[in-house]
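A.B. asks: If it helps, the file is called entry.cif and holds mmCIF, C-alpha atoms; chains and numbers go by the auth columns:
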```cif
data_data
loop_
_atom_site.group_PDB
_atom_site.id
_atom_site.type_symbol
_atom_site.label_atom_id
_atom_site.label_comp_id
_atom_site.label_asym_id
_atom_site.label_seq_id
_atom_site.Cartn_x
_atom_site.Cartn_y
_atom_site.Cartn_z
_atom_site.B_iso_or_equiv
_atom_site.auth_seq_id
_atom_site.auth_asym_id
ATOM 1 C CA MET A 1 151.407 -188.975 -24.940 0.00 1 E
ATOM 2 C CA ASN A 2 149.560 -191.367 -22.640 0.00 2 E
ATOM 3 C CA VAL A 3 146.752 -189.857 -20.583 0.00 3 E
ATOM 4 C CA TYR A 4 145.844 -191.616 -17.335 0.00 4 E
ATOM 5 C CA ALA A 5 142.640 -190.793 -15.472 0.00 5 E
ATOM 6 C CA VAL A 6 141.630 -191.248 -11.832 0.00 6 E
ATOM 7 C CA SER A 7 137.893 -191.099 -11.125 0.00 7 E
ATOM 8 C CA GLY A 8 136.126 -189.586 -8.146 0.00 8 E
ATOM 9 C CA LEU A 9 135.258 -191.011 -4.762 0.00 9 E
ATOM 10 C CA GLY A 10 133.356 -194.243 -5.207 0.00 10 E
ATOM 11 C CA ALA A 11 133.057 -193.645 -8.959 0.00 11 E
ATOM 12 C CA ASP A 12 134.667 -195.574 -11.787 0.00 12 E
ATOM 13 C CA LYS A 13 135.666 -195.232 -15.430 0.00 13 E
ATOM 14 C CA ARG A 14 132.025 -194.773 -16.487 0.00 14 E
ATOM 15 C CA VAL A 15 132.372 -191.046 -15.719 0.00 15 E
ATOM 16 C CA PHE A 16 134.958 -190.736 -18.509 0.00 16 E
ATOM 17 C CA GLU A 17 132.797 -192.373 -21.175 0.00 17 E
ATOM 18 C CA HIS A 18 130.893 -189.133 -21.822 0.00 18 E
ATOM 19 C CA LEU A 19 134.046 -187.191 -22.745 0.00 19 E
ATOM 20 C CA THR A 20 134.977 -186.663 -26.391 0.00 20 E
ATOM 21 C CA LEU A 21 138.750 -186.431 -26.420 0.00 21 E
ATOM 22 C CA ASP A 22 141.356 -186.343 -29.158 0.00 22 E
ATOM 23 C CA VAL A 23 143.363 -188.950 -27.257 0.00 23 E
ATOM 24 C CA GLU A 24 142.454 -192.242 -25.651 0.00 24 E
ATOM 25 C CA ILE A 25 142.490 -192.076 -21.883 0.00 25 E
ATOM 26 C CA ILE A 26 143.669 -194.930 -19.676 0.00 26 E
ATOM 27 C CA PRO A 27 141.512 -195.192 -16.545 0.00 27 E
ATOM 28 C CA ILE A 28 143.345 -196.219 -13.385 0.00 28 E
ATOM 29 C CA ASP A 29 141.233 -198.633 -11.362 0.00 29 E
ATOM 30 C CA TRP A 30 141.002 -198.144 -7.606 0.00 30 E
ATOM 31 C CA ILE A 31 142.805 -200.650 -5.399 0.00 31 E
ATOM 32 C CA ILE A 32 141.948 -201.628 -1.834 0.00 32 E
ATOM 33 C CA PRO A 33 143.747 -199.384 0.676 0.00 33 E
ATOM 34 C CA SER A 34 145.764 -201.057 3.392 0.00 34 E
ATOM 35 C CA ARG A 35 144.711 -200.593 6.989 0.00 35 E
ATOM 36 C CA ASN A 36 145.455 -197.003 8.084 0.00 36 E
ATOM 37 C CA GLU A 37 147.263 -196.364 4.785 0.00 37 E
ATOM 38 C CA SER A 38 148.133 -192.734 4.044 0.00 38 E
ATOM 39 C CA ILE A 39 147.037 -191.043 0.836 0.00 39 E
ATOM 40 C CA LYS A 40 150.712 -190.672 -0.132 0.00 40 E
ATOM 41 C CA SER A 41 151.402 -194.384 0.241 0.00 41 E
ATOM 42 C CA TYR A 42 148.193 -195.275 -1.553 0.00 42 E
ATOM 43 C CA SER A 43 148.970 -192.917 -4.444 0.00 43 E
ATOM 44 C CA GLU A 44 152.430 -194.404 -4.833 0.00 44 E
ATOM 45 C CA ARG A 45 150.983 -197.921 -5.041 0.00 45 E
ATOM 46 C CA LEU A 46 148.275 -196.812 -7.458 0.00 46 E
ATOM 47 C CA SER A 47 150.849 -195.138 -9.714 0.00 47 E
ATOM 48 C CA ALA A 48 152.611 -198.449 -10.367 0.00 48 E
ATOM 49 C CA VAL A 49 150.440 -198.983 -13.468 0.00 49 E
ATOM 50 C CA ILE A 50 151.770 -195.829 -15.158 0.00 50 E
ATOM 51 C CA ASP A 51 154.337 -196.329 -17.905 0.00 51 E
ATOM 52 C CA THR A 52 156.934 -193.685 -17.098 0.00 52 E
ATOM 53 C CA SER A 53 159.070 -194.579 -20.119 0.00 53 E
ATOM 54 C CA LYS A 54 156.659 -192.506 -22.205 0.00 54 E
ATOM 55 C CA GLU A 55 155.508 -188.919 -21.787 0.00 55 E
ATOM 56 C CA PHE A 56 152.207 -188.861 -19.927 0.00 56 E
ATOM 57 C CA ALA A 57 149.524 -186.648 -18.422 0.00 57 E
ATOM 58 C CA LEU A 58 147.058 -187.166 -15.578 0.00 58 E
ATOM 59 C CA ILE A 59 143.371 -186.347 -15.190 0.00 59 E
ATOM 60 C CA GLY A 60 141.890 -186.489 -11.693 0.00 60 E
ATOM 61 C CA VAL A 61 138.235 -186.010 -10.747 0.00 61 E
ATOM 62 C CA SER A 62 137.109 -184.957 -7.246 0.00 62 E
ATOM 63 C CA PHE A 63 138.948 -187.221 -4.746 0.00 63 E
ATOM 64 C CA GLY A 64 140.828 -188.610 -7.730 0.00 64 E
ATOM 65 C CA GLY A 65 142.264 -185.133 -8.153 0.00 65 E
ATOM 66 C CA LEU A 66 143.908 -185.389 -4.745 0.00 66 E
ATOM 67 C CA ILE A 67 145.399 -188.708 -5.806 0.00 67 E
ATOM 68 C CA ALA A 68 146.584 -187.176 -9.102 0.00 68 E
ATOM 69 C CA THR A 69 148.196 -184.345 -7.137 0.00 69 E
ATOM 70 C CA GLU A 70 150.090 -186.831 -4.984 0.00 70 E
ATOM 71 C CA ILE A 71 151.184 -188.858 -8.022 0.00 71 E
ATOM 72 C CA ASN A 72 152.330 -185.615 -9.666 0.00 72 E
ATOM 73 C CA GLN A 73 154.838 -185.138 -6.860 0.00 73 E
ATOM 74 C CA ILE A 74 156.157 -188.672 -7.309 0.00 74 E
ATOM 75 C CA LEU A 75 156.310 -189.131 -11.087 0.00 75 E
ATOM 76 C CA HIS A 76 156.173 -185.561 -12.489 0.00 76 E
ATOM 77 C CA PRO A 77 153.910 -185.943 -15.539 0.00 77 E
ATOM 78 C CA LYS A 78 153.819 -183.425 -18.370 0.00 78 E
ATOM 79 C CA LYS A 79 150.462 -182.027 -17.253 0.00 79 E
ATOM 80 C CA VAL A 80 147.837 -182.632 -14.580 0.00 80 E
ATOM 81 C CA ILE A 81 144.187 -181.684 -15.129 0.00 81 E
ATOM 82 C CA LEU A 82 142.016 -181.590 -12.018 0.00 82 E
ATOM 83 C CA ILE A 83 138.238 -181.624 -12.490 0.00 83 E
ATOM 84 C CA SER A 84 135.928 -180.621 -9.617 0.00 84 E
ATOM 85 C CA SER A 85 138.905 -180.928 -7.319 0.00 85 E
ATOM 86 C CA ALA A 86 141.706 -179.102 -5.498 0.00 86 E
ATOM 87 C CA GLN A 87 145.488 -178.968 -5.606 0.00 87 E
ATOM 88 C CA THR A 88 146.080 -177.962 -1.966 0.00 88 E
ATOM 89 C CA LYS A 89 144.236 -178.212 1.335 0.00 89 E
ATOM 90 C CA ARG A 90 143.765 -174.427 1.268 0.00 90 E
ATOM 91 C CA GLU A 91 141.278 -174.881 -1.568 0.00 91 E
ATOM 92 C CA LEU A 92 138.969 -177.106 0.493 0.00 92 E
ATOM 93 C CA ARG A 93 136.103 -175.913 2.678 0.00 93 E
ATOM 94 C CA PRO A 94 137.146 -175.172 6.299 0.00 94 E
ATOM 95 C CA ILE A 95 134.456 -177.542 7.605 0.00 95 E
ATOM 96 C CA TYR A 96 136.278 -180.487 6.037 0.00 96 E
ATOM 97 C CA LYS A 97 139.397 -179.641 8.028 0.00 97 E
ATOM 98 C CA TRP A 98 137.300 -179.467 11.202 0.00 98 E
ATOM 99 C CA VAL A 99 135.807 -182.886 10.470 0.00 99 E
ATOM 100 C CA GLY A 100 139.291 -184.259 9.865 0.00 100 E
ATOM 101 C CA LYS A 101 140.656 -182.882 13.118 0.00 101 E
ATOM 102 C CA SER A 102 137.731 -184.315 15.084 0.00 102 E
ATOM 103 C CA ARG A 103 138.580 -187.846 13.830 0.00 103 E
ATOM 104 C CA PHE A 104 134.957 -188.865 14.372 0.00 104 E
ATOM 105 C CA LEU A 105 134.768 -190.462 10.901 0.00 105 E
ATOM 106 C CA LYS A 106 136.805 -193.337 12.312 0.00 106 E
ATOM 107 C CA LEU A 107 133.993 -194.067 14.758 0.00 107 E
ATOM 108 C CA ILE A 108 131.274 -194.379 12.090 0.00 108 E
ATOM 109 C CA PRO A 109 130.593 -197.862 10.667 0.00 109 E
ATOM 110 C CA ALA A 110 131.284 -198.128 6.935 0.00 110 E
ATOM 111 C CA SER A 111 127.680 -199.178 6.346 0.00 111 E
ATOM 112 C CA LEU A 112 126.520 -195.660 7.265 0.00 112 E
ATOM 113 C CA PHE A 113 128.527 -194.028 4.447 0.00 113 E
ATOM 114 C CA ASN A 114 125.612 -194.581 2.088 0.00 114 E
ATOM 115 C CA PRO A 115 123.541 -191.376 2.003 0.00 115 E
ATOM 116 C CA PRO A 116 119.905 -191.175 0.899 0.00 116 E
ATOM 117 C CA ARG A 117 119.827 -190.991 -2.885 0.00 117 E
ATOM 118 C CA PHE A 118 117.847 -187.733 -3.066 0.00 118 E
ATOM 119 C CA LEU A 119 120.318 -186.003 -0.717 0.00 119 E
ATOM 120 C CA ALA A 120 123.380 -187.297 -2.550 0.00 120 E
ATOM 121 C CA LYS A 121 121.907 -186.234 -5.889 0.00 121 E
ATOM 122 C CA TYR A 122 121.281 -182.709 -4.572 0.00 122 E
ATOM 123 C CA ILE A 123 124.770 -182.303 -3.088 0.00 123 E
ATOM 124 C CA ILE A 124 126.536 -183.694 -6.160 0.00 124 E
ATOM 125 C CA GLY A 125 124.207 -181.866 -8.539 0.00 125 E
ATOM 126 C CA ALA A 126 123.835 -184.873 -10.822 0.00 126 E
ATOM 127 C CA LYS A 127 121.487 -184.365 -13.758 0.00 127 E
ATOM 128 C CA ASN A 128 122.246 -187.836 -15.113 0.00 128 E
ATOM 129 C CA ALA A 129 120.632 -189.374 -12.046 0.00 129 E
ATOM 130 C CA GLN A 130 120.548 -192.987 -13.254 0.00 130 E
ATOM 131 C CA LEU A 131 124.298 -193.147 -13.884 0.00 131 E
ATOM 132 C CA PHE A 132 124.946 -191.486 -10.537 0.00 132 E
ATOM 133 C CA TYR A 133 122.697 -193.985 -8.723 0.00 133 E
ATOM 134 C CA ASP A 134 124.336 -196.906 -10.527 0.00 134 E
ATOM 135 C CA ILE A 135 127.748 -195.691 -9.384 0.00 135 E
ATOM 136 C CA LEU A 136 126.527 -195.333 -5.790 0.00 136 E
ATOM 137 C CA ASP A 137 125.107 -198.863 -5.877 0.00 137 E
ATOM 138 C CA ASP A 138 128.501 -200.233 -6.938 0.00 138 E
ATOM 139 C CA THR A 139 130.495 -198.237 -4.384 0.00 139 E
ATOM 140 C CA ASP A 140 132.671 -200.005 -1.801 0.00 140 E
ATOM 141 C CA LEU A 141 131.659 -198.321 1.472 0.00 141 E
ATOM 142 C CA ASN A 142 134.886 -199.335 3.227 0.00 142 E
ATOM 143 C CA PHE A 143 136.789 -197.491 0.519 0.00 143 E
ATOM 144 C CA VAL A 144 134.483 -194.479 0.920 0.00 144 E
ATOM 145 C CA LYS A 145 135.191 -194.349 4.653 0.00 145 E
ATOM 146 C CA TRP A 146 138.946 -194.499 4.099 0.00 146 E
ATOM 147 C CA ALA A 147 138.841 -191.905 1.313 0.00 147 E
ATOM 148 C CA LEU A 148 136.752 -189.438 3.337 0.00 148 E
ATOM 149 C CA GLN A 149 139.200 -189.710 6.213 0.00 149 E
ATOM 150 C CA GLU A 150 142.101 -188.954 3.883 0.00 150 E
ATOM 151 C CA PHE A 151 140.159 -186.173 2.161 0.00 151 E
ATOM 152 C CA THR A 152 139.391 -184.352 5.424 0.00 152 E
ATOM 153 C CA THR A 153 142.927 -184.721 6.785 0.00 153 E
ATOM 154 C CA TRP A 154 144.815 -183.970 3.554 0.00 154 E
ATOM 155 C CA GLN A 155 147.864 -181.820 4.244 0.00 155 E
ATOM 156 C CA ASN A 156 149.257 -180.944 0.820 0.00 156 E
ATOM 157 C CA LEU A 157 150.316 -177.316 0.393 0.00 157 E
ATOM 158 C CA LYS A 158 152.645 -177.775 -2.582 0.00 158 E
ATOM 159 C CA GLU A 159 151.529 -176.144 -5.827 0.00 159 E
ATOM 160 C CA SER A 160 152.924 -177.216 -9.191 0.00 160 E
ATOM 161 C CA VAL A 161 152.944 -175.151 -12.373 0.00 161 E
ATOM 162 C CA ASN A 162 151.964 -178.126 -14.563 0.00 162 E
ATOM 163 C CA VAL A 163 148.491 -178.254 -12.971 0.00 163 E
ATOM 164 C CA VAL A 164 145.272 -176.760 -14.341 0.00 164 E
ATOM 165 C CA LYS A 165 141.877 -177.015 -12.652 0.00 165 E
ATOM 166 C CA ILE A 166 138.416 -177.178 -14.197 0.00 166 E
ATOM 167 C CA ASN A 167 135.848 -176.132 -11.601 0.00 167 E
ATOM 168 C CA GLY A 168 132.118 -175.491 -11.657 0.00 168 E
ATOM 169 C CA THR A 169 130.815 -172.199 -10.308 0.00 169 E
ATOM 170 C CA LYS A 170 127.957 -173.993 -8.494 0.00 170 E
ATOM 171 C CA ASP A 171 129.949 -176.890 -7.061 0.00 171 E
ATOM 172 C CA LYS A 172 128.647 -177.441 -3.509 0.00 172 E
ATOM 173 C CA LEU A 173 131.448 -179.806 -2.460 0.00 173 E
ATOM 174 C CA ILE A 174 134.596 -178.137 -3.832 0.00 174 E
ATOM 175 C CA PRO A 175 133.830 -174.568 -4.947 0.00 175 E
ATOM 176 C CA PRO A 176 136.371 -172.708 -7.121 0.00 176 E
ATOM 177 C CA LYS A 177 139.168 -171.434 -4.890 0.00 177 E
ATOM 178 C CA GLY A 178 142.923 -170.888 -4.901 0.00 178 E
ATOM 179 C CA ILE A 179 145.565 -169.496 -7.229 0.00 179 E
ATOM 180 C CA THR A 180 146.070 -172.621 -9.377 0.00 180 E
ATOM 181 C CA LYS A 181 145.399 -171.946 -13.064 0.00 181 E
ATOM 182 C CA MET A 182 141.663 -172.467 -13.360 0.00 182 E
ATOM 183 C CA LYS A 183 139.019 -172.847 -16.055 0.00 183 E
ATOM 184 C CA LEU A 184 135.474 -172.187 -14.866 0.00 184 E
ATOM 185 C CA ILE A 185 132.310 -173.911 -16.064 0.00 185 E
ATOM 186 C CA LYS A 186 129.477 -171.458 -15.400 0.00 186 E
ATOM 187 C CA GLY A 187 126.702 -173.207 -13.496 0.00 187 E
ATOM 188 C CA GLY A 188 128.721 -176.416 -13.328 0.00 188 E
ATOM 189 C CA GLU A 189 128.185 -178.701 -10.332 0.00 189 E
ATOM 190 C CA HIS A 190 130.237 -181.544 -8.894 0.00 190 E
ATOM 191 C CA PHE A 191 129.026 -184.143 -11.429 0.00 191 E
ATOM 192 C CA MET A 192 129.765 -181.880 -14.374 0.00 192 E
ATOM 193 C CA ILE A 193 132.295 -184.291 -15.904 0.00 193 E
ATOM 194 C CA VAL A 194 129.158 -186.134 -17.052 0.00 194 E
ATOM 195 C CA ASP A 195 126.543 -183.375 -17.195 0.00 195 E
ATOM 196 C CA ARG A 196 128.810 -180.833 -18.956 0.00 196 E
ATOM 197 C CA ALA A 197 131.041 -183.307 -20.772 0.00 197 E
ATOM 198 C CA ASP A 198 131.219 -181.390 -24.067 0.00 198 E
ATOM 199 C CA GLU A 199 132.568 -178.213 -22.477 0.00 199 E
ATOM 200 C CA ILE A 200 135.017 -180.111 -20.313 0.00 200 E
ATOM 201 C CA SER A 201 136.201 -182.162 -23.285 0.00 201 E
ATOM 202 C CA GLU A 202 136.992 -178.979 -25.185 0.00 202 E
ATOM 203 C CA ILE A 203 139.086 -177.646 -22.326 0.00 203 E
ATOM 204 C CA ILE A 204 140.933 -180.944 -21.836 0.00 204 E
ATOM 205 C CA ASN A 205 141.742 -181.211 -25.540 0.00 205 E
ATOM 206 C CA PHE A 206 143.125 -177.675 -25.534 0.00 206 E
ATOM 207 C CA GLU A 207 145.222 -178.205 -22.405 0.00 207 E
ATOM 208 C CA LEU A 208 146.718 -181.469 -23.653 0.00 208 E
ATOM 209 C CA LYS A 209 147.764 -179.795 -26.901 0.00 209 E
ATOM 210 C CA ASN A 210 149.286 -176.858 -25.036 0.00 210 E
ATOM 211 C CA PRO A 211 151.393 -178.332 -22.239 0.00 211 E
#
```
Show me the file's structure as structure tokens.

C.D. replies:
Amino acid sequence: MNVYAVSGLGADKRVFEHLTLDVEIIPIDWIIPSRNESIKSYSERLSAVIDTSKEFALIGVSFGGLIATEINQILHPKKVILISSAQTKRELRPIYKWVGKSRFLKLIPASLFNPPRFLAKYIIGAKNAQLFYDILDDTDLNFVKWALQEFTTWQNLKESVNVVKINGTKDKLIPPKGITKMKLIKGGEHFMIVDRADEISEIINFELKNP
């Protein structure tokens, strides 16, 4: 079974290098969103790299989990594993919905979507600070602006039984919430795919063997 992985907002395949999995994962690289492109349209374009002639699973981290959820509804993989993410808009903090409704993100220049490093590190809870800073330095701020707009206006309410979530109990951005099957990492924060890679790897290996 092929296992495709979508990284988090502004991140890349480096976040998957700390996992120890029984299968090789195939990272899906971000593409540039079209002007005013919806998350559904973007997810459909991104999914073009997936070989649907073979059985496959998806892993999505943070914003990548929203993309994996959208792809799930298009291609119907065997299993979807969401890490530090959500399957429906009901699982997101109410303040995000308020920000989305206000539409003020559209008014902010992309250059301002680059938070102070100490603040970003605190919110994300990154213990591997150097990797986190390297990822931030390589982030396309235009992509970040688009992704945050889609994140705060996401409308999905559909829940699928092939989805399992891995959430950290101390995640400041997307706390554990909802009725989706969930595995909790005690004390885990938003960057736990790197900082708690061993525990997450164990859960992923189990879930892939028990679809």

A.B. asks: Please, what distance in Å, to one decimal, runs between atom CA of Asp51 of chain E and atom CA of Tyr4 of chain E?

C.D. replies: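 Calculated distance between atom CA of Asp51 of chain E and atom CA of Tyr4 of chain E is 9.7 Å.
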
A.B. asks: Can you give me, as a list of chain:residue names, the residues this file yields under the PyMOL selection byres ((chain E and resi 95-97) around 12)?

C.D. replies: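 Checked against the file, the PyMOL selection byres ((chain E and resi 95-97) around 12) matches E:Lys89, E:Arg90, E:Glu91, E:Leu92, E:Arg93, E:Pro94, E:Trp98, E:Val99, E:Gly100, E:Lys101, E:Ser102, E:Arg103, E:Phe104, E:Leu105, E:Leu148, E:Gln149, E:Glu150, E:Phe151, E:Thr152, E:Thr153, E:Trp154, E:Gln155, E:Leu173, E:Ile174.
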
A.B. asks: Find the distance between atom CA of Asp171 of chain E and atom CA of Glu44 of chain E and write it in Å to one decimal.

C.D. replies: 28.6 Å

A.B. asks: List as a PyMOL selection string: which residues have an atom within 7 Å of (144.6, -185.6, -24.4), counting only C-alpha atoms?

C.D. replies: chain E and resi 3+21-23+204-205+208

A.B. asks: When the PyMOL selection byres ((chain E and resi 156-167) around 7) is applied to the file above, which residues end up in the set, as a ChimeraX atom specification?

C.D. replies: /E:78-84,87-89,154-155,168-169,176,180-185

A.B. asks: Can you list what the PyMOL selection byres ((chain E and resi 114) around 12) grabs from this structure, as a list of chain:residue names?

C.D. replies: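 On this input, the PyMOL selection byres ((chain E and resi 114) around 12) captures E:Gly10, E:Ile108, E:Pro109, E:Ala110, E:Ser111, E:Leu112, E:Phe113, E:Pro115, E:Pro116, E:Arg117, E:Phe118, E:Leu119, E:Ala120, E:Tyr133, E:Ile135, E:Leu136, E:Asp137, E:Asp138, E:Thr139, E:Asp140, E:Leu141, E:Asn142, E:Phe143, E:Val144, E:Lys145.
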
A.B. asks: How many Å lie between atom CA of Lys177 of chain E and atom CA of Ala68 of chain E, rounded to one decimal?

C.D. replies: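 Separating atom CA of Lys177 of chain E from atom CA of Ala68 of chain E is a distance of 17.9 Å.
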
A.B. asks: Using all atoms listed in the file, pick whichever of E:Ile71, E:Val61, E:Ile200, E:Leu107 has the shortest atom-to-atom distance to Gly8 of chain E.

C.D. replies: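 Of E:Ile71, E:Val61, E:Ile200, E:Leu107, the one nearest Gly8 of chain E, counting all atoms listed in the file, is E:Val61.
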
A.B. asks: From the options E:Tyr122, E:Trp146, E:Phe191, E:Trp30, which residue's atoms come nearest to His18 of chain E, counting all atoms listed in the file?

C.D. replies: E:Phe191

A.B. asks: Measuring atom to atom with only C-alpha atoms, identify which of E:Ile25, E:Ile179, E:Met192, E:Ala86 is nearest to Ala57 of chain E.

C.D. replies: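 The answer is E:Ile25, which sits nearest to Ala57 of chain E.
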